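A quick write-up on the structure given underneath.
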Amino acid sequence: MQSNVLHPGALSLADLRECWQHAVPYQLSTEAHEALARSAQTVADVLAAGKVVYGINTGFGLLANTRIPPEKLEDLQRRIVLSHAAGTQDLMSDQVVRLILLLKINSLSRGYSGIRPEVVEMLLAMFNAELYPCVPSKGSVGASGDLAPLAHLVLPLLGEGEVRYQGEQMDARTGLA
């Protein structure tokens with residue numbers, strides 16, 4: 001099956017309807033790759049310059065003024081995802097998770113978040129392989145209400161959580177293998 005090309009911010013309702021109805025592979029457009037590279041480079045430049053930026057090299061919330069040493073930044077990012085993966089109740093359907101994945105990939109590929117291109121490419125690889133993270137239907141952390149589901153969405157990238165593949169639920173490491 002031929003891949004659709006994902007142009008950041010250009011998903012139509014017809015595209016979303018198609019994604020809802022069945023799995024359709026996507027690939028990132030050239031402008032998405034360029035936007036992701038620029039954005040990640042901005043973060044790298046900030047860190048190299050020793051600047052302090054909230055959420056990149058500081059704590060969160062009440063710890064916003066606490067600078068995190070460079071050697072602890074990876075651990076900080078891992079722990080924030082793990083701490084927010086606090087969902088409960090029934091799991092969302094593969095249809096819903098597939099749609100969420102596509103929307104998140106689309107949003108991130110716009111290049112405004114500073115995320116490394118490899119992360120978006122891994123989410124896209126999971127999407128295209130129809131390997132869907134297990135995302136509980138209830139649970140929120142914060143005012144926006146999306147932090148818990150999004151944490152569950154990316155848990156497999158950390159080798160944590162569970163995924164479904166062809167209707168079978170398994171631990172993320174097994175699914176990714």
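How things are named: the first chain in the structure tokens is A, the next is B, and so on; residues count from 1 in each chain; ligands count from 1 in the order shown.
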Exercise for review: Write out as a list in words each polymer residue whose atoms come within 12 Å of Ser29 in chain A, counting only C-alpha atoms; drop sequence neighbours fewer than 6 positions from it.
Suggested key: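 Non-adjacent residues within range: Ser3, Asn4, Val5, Leu6, His7, Pro8, Gly9, Ala10, Ala35, Leu36, Ile105, Asn106, Ser109, Arg110 and Glu121 of chain A.
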Point to revise | Expected answer as a list in words: strand (DSSP E or B) residues in range 15-161 of chain A | key: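 Across range 15-161 of chain A, those assigned strand (DSSP E or B) are Tyr26, Gln27, Leu28, Thr58, Arg67, Thr88, Gln89, Asp90, Leu91, Leu131, Tyr132, Pro133, Pro136, Ser137 and Lys138 of chain A.
Summary of the local environment: counting only C-alpha atoms, residues at most 6 Å from range 152-159 of chain A, other than itself and those fewer than 3 positions away along its chain, are Ala85, Pro133, Val135, Pro149, Ala172 and Arg173 of chain A.
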How about saving the chosen residues, N, CA and C atoms kept, as a PDB file, in the first residue's frame?
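Result file is result22.pdb:
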```
ATOM      1  N   ALA A  85       1.895   8.817  33.496  1.00  0.00           N
ATOM      2  CA  ALA A  85       1.200   7.638  32.964  1.00  0.00           C
ATOM      3  C   ALA A  85       0.367   7.028  34.092  1.00  0.00           C
ATOM      4  N   PRO A 133      -0.001   1.712  21.229  1.00  0.00           N
ATOM      5  CA  PRO A 133       0.145   1.759  22.681  1.00  0.00           C
ATOM      6  C   PRO A 133      -1.199   1.531  23.366  1.00  0.00           C
ATOM      7  N   VAL A 135      -3.682   2.673  25.834  1.00  0.00           N
ATOM      8  CA  VAL A 135      -3.968   3.963  26.457  1.00  0.00           C
ATOM      9  C   VAL A 135      -5.280   3.856  27.230  1.00  0.00           C
ATOM     10  N   PRO A 149      -3.149  10.428  29.027  1.00  0.00           N
ATOM     11  CA  PRO A 149      -3.202   9.634  27.789  1.00  0.00           C
ATOM     12  C   PRO A 149      -1.950   9.793  26.928  1.00  0.00           C
ATOM     13  N   ALA A 172       5.529  -3.677  26.016  1.00  0.00           N
ATOM     14  CA  ALA A 172       6.068  -2.816  24.943  1.00  0.00           C
ATOM     15  C   ALA A 172       7.351  -3.375  24.355  1.00  0.00           C
ATOM     16  N   ARG A 173       8.235  -3.894  25.184  1.00  0.00           N
ATOM     17  CA  ARG A 173       9.512  -4.408  24.662  1.00  0.00           C
ATOM     18  C   ARG A 173       9.289  -5.555  23.682  1.00  0.00           C
TER      19      ARG A 173
END
```
Review point. So how far away is CA of Arg78 in chain A from CA of Phe60 in chain A, in Å?
Key: 13.3 Å
Check your understanding: Please, what distance in Å, to one decimal, runs between CA of Thr42 in chain A and CA of Thr66 in chain A?
Key ->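 Separating CA of Thr42 in chain A from CA of Thr66 in chain A is a distance of 21.4 Å.
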Point to revise | Long-range neighbours of Leu131 in chain A as a ChimeraX atom specification, 6 Å cut-off, only C-alpha atoms, 5 positions minimum in chain | key: /A:126,164-165
Just write the chosen residues, all heavy atoms, as an mmCIF file, in the first residue's frame.
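Final output, saved to result29.cif:
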```cif
data_model
loop_
_atom_site.group_PDB
_atom_site.id
_atom_site.type_symbol
_atom_site.label_atom_id
_atom_site.label_comp_id
_atom_site.auth_asym_id
_atom_site.auth_seq_id
_atom_site.Cartn_x
_atom_site.Cartn_y
_atom_site.Cartn_z
ATOM 1 N N MET A 126 5.686 3.021 14.611
ATOM 2 C CA MET A 126 4.665 2.280 15.354
ATOM 3 C C MET A 126 3.314 2.401 14.656
ATOM 4 O O MET A 126 2.600 1.413 14.495
ATOM 5 C CB MET A 126 4.583 2.790 16.797
ATOM 6 C CG MET A 126 5.773 2.413 17.643
ATOM 7 S SD MET A 126 5.770 3.190 19.286
ATOM 8 C CE MET A 126 4.181 2.727 19.925
ATOM 9 N N ARG A 164 -0.679 -3.081 21.674
ATOM 10 C CA ARG A 164 -1.494 -4.098 21.007
ATOM 11 C C ARG A 164 -1.018 -4.214 19.575
ATOM 12 O O ARG A 164 -0.768 -3.204 18.905
ATOM 13 C CB ARG A 164 -2.970 -3.701 21.026
ATOM 14 C CG ARG A 164 -3.678 -4.046 22.301
ATOM 15 C CD ARG A 164 -5.186 -3.962 22.168
ATOM 16 N NE ARG A 164 -5.627 -2.652 21.740
ATOM 17 C CZ ARG A 164 -6.269 -1.789 22.518
ATOM 18 N NH1 ARG A 164 -6.547 -2.092 23.759
ATOM 19 N NH2 ARG A 164 -6.646 -0.626 22.045
ATOM 20 N N TYR A 165 -0.910 -5.459 19.141
ATOM 21 C CA TYR A 165 -0.559 -5.728 17.752
ATOM 22 C C TYR A 165 -1.491 -6.818 17.255
ATOM 23 O O TYR A 165 -1.540 -7.899 17.843
ATOM 24 C CB TYR A 165 0.901 -6.161 17.631
ATOM 25 C CG TYR A 165 1.314 -6.479 16.219
ATOM 26 C CD1 TYR A 165 1.384 -5.464 15.263
ATOM 27 C CD2 TYR A 165 1.588 -7.773 15.825
ATOM 28 C CE1 TYR A 165 1.741 -5.744 13.952
ATOM 29 C CE2 TYR A 165 1.954 -8.057 14.525
ATOM 30 C CZ TYR A 165 2.023 -7.040 13.591
ATOM 31 O OH TYR A 165 2.363 -7.307 12.293
#
```
Review point. Interatomic distance between CA of Leu63 in chain A and CA of Ser137 in chain A?
Key: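 If I compute the distance from CA of Leu63 in chain A to CA of Ser137 in chain A, I get 29.2 Å.
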Report as a tab-separated table (two decimals) with N, CA and C atoms, in the first residue's frame all protein, DNA and RNA residues lying within 9 Å of Asn57 in chain A, evaluated on only C-alpha atoms, omitting residues in the same chain fewer than 2 positions from it.
```tsv
chain	number	residue	atom	x	y	z
A	47	LEU	N	20.92	24.41	25.10
A	47	LEU	CA	21.69	23.64	26.09
A	47	LEU	C	23.19	23.93	25.97
A	51	LYS	N	21.91	28.18	28.60
A	51	LYS	CA	20.71	28.92	28.96
A	51	LYS	C	19.78	28.04	29.78
A	52	VAL	N	18.95	28.69	30.58
A	52	VAL	CA	17.97	27.99	31.40
A	52	VAL	C	16.60	28.17	30.75
A	53	VAL	N	15.95	27.04	30.42
A	53	VAL	CA	14.64	27.08	29.78
A	53	VAL	C	13.72	26.09	30.49
A	54	TYR	N	12.57	26.58	30.91
A	54	TYR	CA	11.59	25.78	31.63
A	54	TYR	C	11.29	24.48	30.89
A	55	GLY	N	11.33	23.37	31.61
A	55	GLY	CA	10.96	22.08	31.05
A	55	GLY	C	12.04	21.41	30.23
A	59	GLY	N	13.14	21.94	36.57
A	59	GLY	CA	12.05	21.12	37.04
A	59	GLY	C	10.74	21.69	36.51
A	66	THR	N	14.28	25.30	39.66
A	66	THR	CA	15.35	24.37	39.98
A	66	THR	C	16.02	23.92	38.69
A	67	ARG	N	17.28	24.27	38.56
A	67	ARG	CA	18.03	23.88	37.36
A	67	ARG	C	18.48	22.43	37.49
A	68	ILE	N	18.31	21.69	36.42
A	68	ILE	CA	18.68	20.28	36.39
A	68	ILE	C	20.03	20.16	35.70
A	69	PRO	N	20.99	19.47	36.31
A	69	PRO	CA	22.31	19.31	35.68
A	69	PRO	C	22.20	18.53	34.36
A	70	PRO	N	23.05	18.83	33.40
A	70	PRO	CA	22.99	18.17	32.09
A	70	PRO	C	22.96	16.64	32.16
A	72	LYS	N	21.55	14.81	34.18
A	72	LYS	CA	20.28	14.31	34.72
A	72	LYS	C	19.08	14.62	33.80
A	73	LEU	N	19.32	15.27	32.67
A	73	LEU	CA	18.21	15.69	31.80
A	73	LEU	C	17.45	14.51	31.21
A	76	LEU	N	15.26	13.13	33.86
A	76	LEU	CA	14.13	14.04	34.10
A	76	LEU	C	13.01	13.76	33.10
```
Check your understanding: So which bits of range 49-154 of chain A end up alpha helix (DSSP H) when you DSSP the backbone, as a ChimeraX atom specification?
Key -> /A:73-84,94-108,117-129,147-154
Practice item. Compare A:Val81, A:Leu123, A:Cys134, A:Ala64 by their minimum atom-to-atom distance to Leu28 in chain A, counting only C-alpha atoms, and give me the closest one. Key: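 Of A:Val81, A:Leu123, A:Cys134, A:Ala64, the one nearest Leu28 in chain A is A:Leu123, counting only C-alpha atoms.
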Point to revise | Who sits within 9 Å of Cys19 in chain A, only C-alpha atoms, same chain under 6 positions skipped, as a PyMOL selection string | key: chain A and resi 95+98-99+102
